[in-house]
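Peer 1: Provided herewith: data19.pdb, PDB, C-alpha atoms.
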ATOM      1  CA  ARG A  69      -8.480  -7.161   3.904
ATOM      2  CA  ILE A  70     -12.159  -6.303   3.790
ATOM      3  CA  GLY A  71     -12.772  -8.730   0.939
ATOM      4  CA  LEU A  72     -10.887 -11.507   2.701
ATOM      5  CA  THR A  73     -12.885 -10.993   5.883
ATOM      6  CA  LEU A  74     -16.175 -11.030   3.990
ATOM      7  CA  ARG A  75     -15.137 -14.178   2.133
ATOM      8  CA  ASP A  76     -13.725 -16.119   5.083
ATOM      9  CA  GLN A  77     -16.074 -15.162   7.918
ATOM     10  CA  TYR A  78     -19.340 -14.378   6.157
ATOM     11  CA  GLY A  79     -19.188 -16.556   3.035
ATOM     12  CA  VAL A  80     -19.515 -13.699   0.533
ATOM     13  CA  PRO A  81     -17.775 -14.971  -2.623
ATOM     14  CA  SER A  82     -17.677 -11.652  -4.459
ATOM     15  CA  THR A  83     -18.429  -8.183  -3.154
ATOM     16  CA  LYS A  84     -18.914  -6.972  -6.704
ATOM     17  CA  GLN A  85     -21.885  -9.309  -7.132
ATOM     18  CA  VAL A  86     -23.424  -8.226  -3.819
ATOM     19  CA  LEU A  87     -22.761  -4.472  -3.978
ATOM     20  CA  GLY A  88     -22.738  -3.976  -7.731
ATOM     21  CA  LYS A  89     -19.305  -2.350  -7.458
ATOM     22  CA  GLY A  90     -15.897  -3.101  -6.033
ATOM     23  CA  ILE A  91     -14.852  -2.436  -2.460
ATOM     24  CA  THR A  92     -12.862   0.661  -3.426
ATOM     25  CA  GLY A  93     -15.852   2.141  -5.238
ATOM     26  CA  PHE A  94     -18.092   1.424  -2.271
ATOM     27  CA  LEU A  95     -15.638   3.041   0.167
ATOM     28  CA  LYS A  96     -15.268   6.062  -2.115
ATOM     29  CA  GLU A  97     -19.044   6.440  -2.374
ATOM     30  CA  ASN A  98     -19.388   6.442   1.424
ATOM     31  CA  LYS A  99     -16.394   8.778   1.851
ATOM     32  CA  VAL A 100     -14.365   6.372   4.018
ATOM     33  CA  GLN A 101     -11.588   5.757   1.510
ATOM     34  CA  PRO A 102      -8.109   5.765   3.141
ATOM     35  CA  ASP A 103      -5.783   8.709   2.519
ATOM     36  CA  ILE A 104      -3.065   6.457   1.120
ATOM     37  CA  PRO A 105      -4.116   3.772  -1.399
ATOM     38  CA  GLU A 106      -3.832   0.166  -0.268
ATOM     39  CA  ASP A 107      -1.283  -0.926  -2.877
ATOM     40  CA  LEU A 108       1.021   1.934  -1.917
ATOM     41  CA  THR A 109       0.627   1.077   1.770
ATOM     42  CA  ASN A 110       1.501  -2.559   1.079
ATOM     43  CA  LEU A 111       4.631  -1.596  -0.864
ATOM     44  CA  MET A 112       5.742   0.763   1.904
ATOM     45  CA  ARG A 113       5.184  -2.006   4.463
ATOM     46  CA  LYS A 114       7.320  -4.359   2.356
ATOM     47  CA  ALA A 115      10.088  -1.749   2.029
ATOM     48  CA  LEU A 116      10.102  -1.208   5.799
ATOM     49  CA  HIS A 117      10.327  -4.934   6.423
ATOM     50  CA  VAL A 118      13.273  -5.300   4.013
ATOM     51  CA  ARG A 119      14.958  -2.222   5.512
ATOM     52  CA  LYS A 120      14.756  -3.739   9.014
ATOM     53  CA  HIS A 121      16.221  -6.975   7.645
ATOM     54  CA  ILE A 122      19.109  -5.084   6.039
ATOM     55  CA  ASN A 123      19.836  -3.237   9.289
ATOM     56  CA  ALA A 124      20.210  -6.607  11.000
ATOM     57  CA  ASN A 125      22.112  -8.218   8.091
ATOM     58  CA  LYS A 126      24.453  -5.601   6.615
ATOM     59  CA  LYS A 127      26.096  -7.902   4.045
ATOM     60  CA  ASP A 128      22.898  -9.126   2.416
ATOM     61  CA  VAL A 129      23.467  -7.567  -1.014
ATOM     62  CA  HIS A 130      20.559  -9.355  -2.683
ATOM     63  CA  ASN A 131      18.033  -7.785  -0.358
ATOM     64  CA  LYS A 132      19.740  -4.395  -0.698
ATOM     65  CA  ARG A 133      18.883  -4.653  -4.378
ATOM     66  CA  ALA A 134      15.358  -5.798  -3.505
ATOM     67  CA  LEU A 135      14.979  -2.717  -1.299
ATOM     68  CA  GLN A 136      16.094  -0.454  -4.143
ATOM     69  CA  LEU A 137      13.578  -2.058  -6.496
ATOM     70  CA  THR A 138      10.749  -1.871  -3.966
ATOM     71  CA  GLU A 139      11.409   1.775  -3.105
ATOM     72  CA  ASN A 140      11.572   2.580  -6.806
ATOM     73  CA  LYS A 141       8.135   0.967  -7.230
ATOM     74  CA  VAL A 142       6.877   3.140  -4.378
ATOM     75  CA  ARG A 143       8.231   6.293  -6.040
ATOM     76  CA  ARG A 144       6.683   5.384  -9.406
ATOM     77  CA  LEU A 145       3.347   4.674  -7.738
ATOM     78  CA  VAL A 146       3.515   7.984  -5.834
ATOM     79  CA  LYS A 147       4.117   9.775  -9.139
ATOM     80  CA  TYR A 148       1.105   8.013 -10.662
ATOM     81  CA  TYR A 149      -1.125   8.923  -7.717
ATOM     82  CA  HIS A 150       0.078  12.546  -7.856
ATOM     83  CA  ASP A 151      -0.884  12.717 -11.531
ATOM     84  CA  SER A 152      -4.265  11.077 -10.941
ATOM     85  CA  GLY A 153      -5.006  13.274  -7.901
ATOM     86  CA  ARG A 154      -5.347  10.504  -5.295
ATOM     87  CA  LEU A 155      -2.401  11.822  -3.265
ATOM     88  CA  ALA A 156      -1.693  15.384  -2.203
ATOM     89  CA  PRO A 157       0.846  17.084  -4.508
ATOM     90  CA  ASP A 158       3.212  17.794  -1.613
ATOM     91  CA  TRP A 159       3.245  14.187  -0.309
ATOM     92  CA  THR A 160       6.618  12.484  -0.741
ATOM     93  CA  TYR A 161       7.930   9.079   0.233
ATOM     94  CA  SER A 162      10.678   8.723   2.784
ATOM     95  CA  PRO A 163      11.406   5.688   4.966
ATOM     96  CA  GLU A 164      10.944   7.752   8.130
ATOM     97  CA  THR A 165       7.483   9.001   7.217
ATOM     98  CA  ALA A 166       6.515   5.561   5.928
ATOM     99  CA  GLU A 167       7.443   4.031   9.272
ATOM    100  CA  ILE A 168       5.266   6.570  11.081
ATOM    101  CA  LEU A 169       2.322   6.019   8.720
ATOM    102  CA  ILE A 170       2.509   2.230   8.760
ATOM    103  CA  SER A 171       3.072   1.813  12.511
TER     104      SER A 171
END
When written as structure tokens, how does the structure in this file appear?
Peer 2:
Amino acid sequence: RIGLTLRDQYGVPSTKQVLGKGITGFLKENKVQPDIPEDLTNLMRKALHVRKHINANKKDVHNKRALQLTENKVRRLVKYYHDSGRLAPDWTYSPETAEILIS
């Protein structure tokens, strides 16, 4: 979202050209990096949206499968971030905690 704002409102075509590094590197350098990585947050947001849709439409089997696939992506990404040290080792994904974090 930061890159989109810089591009759309301030006319900065590439933050890498201006800063000499990407946005994530810049945030990490200034110690304002979010606790949960952005791609994981986006996947959790998508899973919550599909889960709400399924609660309203119980017979939608195609989106039930989409929810399974999305939550599996979240779990794989959590495992990757555990191994790389970007997430705390005791952090686990559950729809309830995701709803609290995203809201």
Peer 1: Let me know the residues the PyMOL selection byres ((chain A and resi 109-116) around 8) catches in the file above, as a list in words.
Peer 2: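 Taken on the displayed file, the PyMOL selection byres ((chain A and resi 109-116) around 8) yields the residues Ile104, Pro105, Glu106, Asp107, Leu108, His117, Val118, Arg119, Lys120, Leu135, Thr138, Glu139, Lys141, Val142, Pro163, Ala166, Glu167 and Ile170 of chain A.
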Peer 1: I need the residues from that last selection saved to file as a compact mmCIF listing (two decimals), keeping the file's coordinate frame (with C-alpha atoms), if you can.
Peer 2:
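Writing the result to result19.txt gives the following:
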# COMPACT_ATOMS: atom_id res chain seq x y z
CA ILE A 104 -3.06 6.46 1.12
CA PRO A 105 -4.12 3.77 -1.40
CA GLU A 106 -3.83 0.17 -0.27
CA ASP A 107 -1.28 -0.93 -2.88
CA LEU A 108 1.02 1.93 -1.92
CA HIS A 117 10.33 -4.93 6.42
CA VAL A 118 13.27 -5.30 4.01
CA ARG A 119 14.96 -2.22 5.51
CA LYS A 120 14.76 -3.74 9.01
CA LEU A 135 14.98 -2.72 -1.30
CA THR A 138 10.75 -1.87 -3.97
CA GLU A 139 11.41 1.78 -3.10
CA LYS A 141 8.14 0.97 -7.23
CA VAL A 142 6.88 3.14 -4.38
CA PRO A 163 11.41 5.69 4.97
CA ALA A 166 6.52 5.56 5.93
CA GLU A 167 7.44 4.03 9.27
CA ILE A 170 2.51 2.23 8.76
Peer 1: If you measure from atom CA of A:Leu137 to atom CA of A:Asp151, what distance in Å do you get, rounded to one decimal?
Peer 2: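 For atom CA of A:Leu137 relative to atom CA of A:Asp151, the distance reads 21.3 Å.
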Peer 1: Quick one: residues within 8 Å of A:Ile91, only C-alpha atoms, excluding same-chain residues fewer than 5 positions away - as a count of residues only?
Peer 2: 4
Peer 1: Please define a box with edges along x, y and z of the file around all atoms of stretch 97-111 of chain A given in the file, extend it by 6 Å on each side, and return its centre and edge lengths in Å to one decimal, as AutoDock Vina command-line options.
Peer 2:
--center_x -7.4 --center_y 3.1 --center_z 0.6 --size_x 36.0 --size_y 23.3 --size_z 18.9
Peer 1: Pick out the residues sitting within 12 Å of A:Asp103, and hand them over as an MDAnalysis selection string; count all atoms listed in the file, and ignore anything fewer than 3 positions along from it in its own chain.
Peer 2: chainID A and resid 95:96 99:100 106:109 149 153:156 159 169
Peer 1: Please measure the separation of atom CA of A:Val146 and atom CA of A:Thr165, giving the value in Å to one decimal.
Peer 2: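 Pair atom CA of A:Val146 / atom CA of A:Thr165 returns 13.7 Å.
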Peer 1: If I take atom CA of A:Asp128 and atom CA of A:Thr160, how far is one from the other in Å, to one decimal?
Peer 2: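 Atom CA of A:Thr160 lies at a distance of 27.2 Å from atom CA of A:Asp128.
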Peer 1: Go through A:Ser82, A:Asn98, A:Asn123, A:Ser162 and flag the residue nearest A:Asn140, using only C-alpha atoms for the distances.
Peer 2: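 With only C-alpha atoms as the atom set, the closest residue is A:Ser162.
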Peer 1: Could you pull stretch 121-164 of chain A out of the structure I just pasted and write it to a file containing N, CA and C atoms, as a tab-separated table (two decimals), in the first residue's frame?
Peer 2:
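Full text of selection.tsv as output:
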chain	number	residue	atom	x	y	z
A	121	HIS	N	-18.26	-15.58	3.37
A	121	HIS	CA	-19.11	-15.93	2.24
A	121	HIS	C	-19.71	-17.33	2.43
A	122	ILE	N	-18.89	-18.26	2.89
A	122	ILE	CA	-19.36	-19.63	3.10
A	122	ILE	C	-20.39	-19.68	4.22
A	123	ASN	N	-20.23	-18.90	5.26
A	123	ASN	CA	-21.23	-18.86	6.33
A	123	ASN	C	-22.58	-18.37	5.81
A	124	ALA	N	-22.56	-17.48	4.84
A	124	ALA	CA	-23.81	-16.99	4.27
A	124	ALA	C	-24.36	-17.92	3.19
A	125	ASN	N	-23.48	-18.68	2.54
A	125	ASN	CA	-23.87	-19.56	1.43
A	125	ASN	C	-23.33	-20.97	1.70
A	126	LYS	N	-24.04	-21.73	2.49
A	126	LYS	CA	-23.56	-23.03	2.98
A	126	LYS	C	-23.29	-24.04	1.87
A	127	LYS	N	-24.03	-23.96	0.76
A	127	LYS	CA	-23.91	-24.99	-0.28
A	127	LYS	C	-22.88	-24.65	-1.36
A	128	ASP	N	-22.15	-23.62	-1.19
A	128	ASP	CA	-21.16	-23.20	-2.18
A	128	ASP	C	-19.90	-24.06	-2.04
A	129	VAL	N	-19.90	-25.22	-2.71
A	129	VAL	CA	-18.80	-26.17	-2.54
A	129	VAL	C	-17.52	-25.69	-3.21
A	130	HIS	N	-17.63	-24.90	-4.26
A	130	HIS	CA	-16.43	-24.43	-4.95
A	130	HIS	C	-15.63	-23.49	-4.06
A	131	ASN	N	-16.31	-22.64	-3.35
A	131	ASN	CA	-15.60	-21.73	-2.45
A	131	ASN	C	-15.17	-22.42	-1.16
A	132	LYS	N	-15.80	-23.53	-0.79
A	132	LYS	CA	-15.29	-24.32	0.33
A	132	LYS	C	-13.91	-24.85	-0.02
A	133	ARG	N	-13.77	-25.31	-1.26
A	133	ARG	CA	-12.47	-25.79	-1.74
A	133	ARG	C	-11.47	-24.62	-1.81
A	134	ALA	N	-11.93	-23.47	-2.27
A	134	ALA	CA	-11.05	-22.30	-2.33
A	134	ALA	C	-10.56	-21.92	-0.93
A	135	LEU	N	-11.44	-22.04	0.06
A	135	LEU	CA	-11.04	-21.75	1.44
A	135	LEU	C	-9.98	-22.74	1.92
A	136	GLN	N	-10.16	-24.01	1.60
A	136	GLN	CA	-9.17	-25.01	1.99
A	136	GLN	C	-7.81	-24.69	1.37
A	137	LEU	N	-7.82	-24.34	0.09
A	137	LEU	CA	-6.56	-24.03	-0.60
A	137	LEU	C	-5.91	-22.78	-0.02
A	138	THR	N	-6.70	-21.77	0.26
A	138	THR	CA	-6.16	-20.52	0.81
A	138	THR	C	-5.59	-20.73	2.20
A	139	GLU	N	-6.31	-21.47	3.05
A	139	GLU	CA	-5.80	-21.71	4.40
A	139	GLU	C	-4.57	-22.61	4.37
A	140	ASN	N	-4.49	-23.49	3.38
A	140	ASN	CA	-3.28	-24.30	3.25
A	140	ASN	C	-2.09	-23.42	2.84
A	141	LYS	N	-2.33	-22.44	1.97
A	141	LYS	CA	-1.27	-21.49	1.61
A	141	LYS	C	-0.80	-20.72	2.84
A	142	VAL	N	-1.75	-20.34	3.68
A	142	VAL	CA	-1.41	-19.61	4.91
A	142	VAL	C	-0.52	-20.48	5.78
A	143	ARG	N	-0.90	-21.74	5.96
A	143	ARG	CA	-0.11	-22.64	6.82
A	143	ARG	C	1.29	-22.86	6.26
A	144	ARG	N	1.41	-23.03	4.94
A	144	ARG	CA	2.73	-23.20	4.33
A	144	ARG	C	3.58	-21.95	4.51
A	145	LEU	N	2.96	-20.78	4.36
A	145	LEU	CA	3.69	-19.53	4.53
A	145	LEU	C	4.11	-19.32	5.98
A	146	VAL	N	3.25	-19.72	6.92
A	146	VAL	CA	3.60	-19.63	8.35
A	146	VAL	C	4.80	-20.53	8.63
A	147	LYS	N	4.81	-21.72	8.05
A	147	LYS	CA	5.94	-22.63	8.25
A	147	LYS	C	7.23	-22.01	7.70
A	148	TYR	N	7.14	-21.39	6.53
A	148	TYR	CA	8.30	-20.74	5.94
A	148	TYR	C	8.81	-19.61	6.83
A	149	TYR	N	7.88	-18.78	7.34
A	149	TYR	CA	8.30	-17.67	8.18
A	149	TYR	C	8.80	-18.13	9.54
A	150	HIS	N	8.34	-19.28	10.03
A	150	HIS	CA	8.91	-19.84	11.26
A	150	HIS	C	10.36	-20.24	11.01
A	151	ASP	N	10.60	-20.92	9.88
A	151	ASP	CA	11.95	-21.38	9.56
A	151	ASP	C	12.90	-20.22	9.31
A	152	SER	N	12.40	-19.13	8.70
A	152	SER	CA	13.27	-18.00	8.40
A	152	SER	C	13.40	-17.04	9.59
A	153	GLY	N	12.57	-17.22	10.63
A	153	GLY	CA	12.67	-16.39	11.82
A	153	GLY	C	11.88	-15.10	11.78
A	154	ARG	N	11.02	-14.91	10.79
A	154	ARG	CA	10.23	-13.67	10.72
A	154	ARG	C	9.00	-13.71	11.60
A	155	LEU	N	8.56	-14.91	11.99
A	155	LEU	CA	7.43	-15.06	12.90
A	155	LEU	C	7.92	-15.76	14.16
A	156	ALA	N	7.26	-15.48	15.27
A	156	ALA	CA	7.60	-16.15	16.53
A	156	ALA	C	7.32	-17.65	16.39
A	157	PRO	N	8.14	-18.49	17.00
A	157	PRO	CA	7.96	-19.94	16.87
A	157	PRO	C	6.63	-20.45	17.42
A	158	ASP	N	6.04	-19.73	18.36
A	158	ASP	CA	4.78	-20.20	18.95
A	158	ASP	C	3.55	-19.63	18.25
A	159	TRP	N	3.73	-18.83	17.19
A	159	TRP	CA	2.60	-18.24	16.48
A	159	TRP	C	1.97	-19.29	15.57
A	160	THR	N	0.66	-19.46	15.68
A	160	THR	CA	-0.06	-20.39	14.82
A	160	THR	C	-1.25	-19.69	14.19
A	161	TYR	N	-1.68	-20.21	13.06
A	161	TYR	CA	-2.83	-19.64	12.36
A	161	TYR	C	-4.10	-20.32	12.84
A	162	SER	N	-5.09	-19.52	13.15
A	162	SER	CA	-6.44	-20.02	13.36
A	162	SER	C	-7.38	-18.91	12.87
A	163	PRO	N	-8.53	-19.27	12.34
A	163	PRO	CA	-9.44	-18.24	11.82
A	163	PRO	C	-9.85	-17.22	12.88
A	164	GLU	N	-9.96	-17.64	14.13
A	164	GLU	CA	-10.36	-16.72	15.19
A	164	GLU	C	-9.28	-15.67	15.44
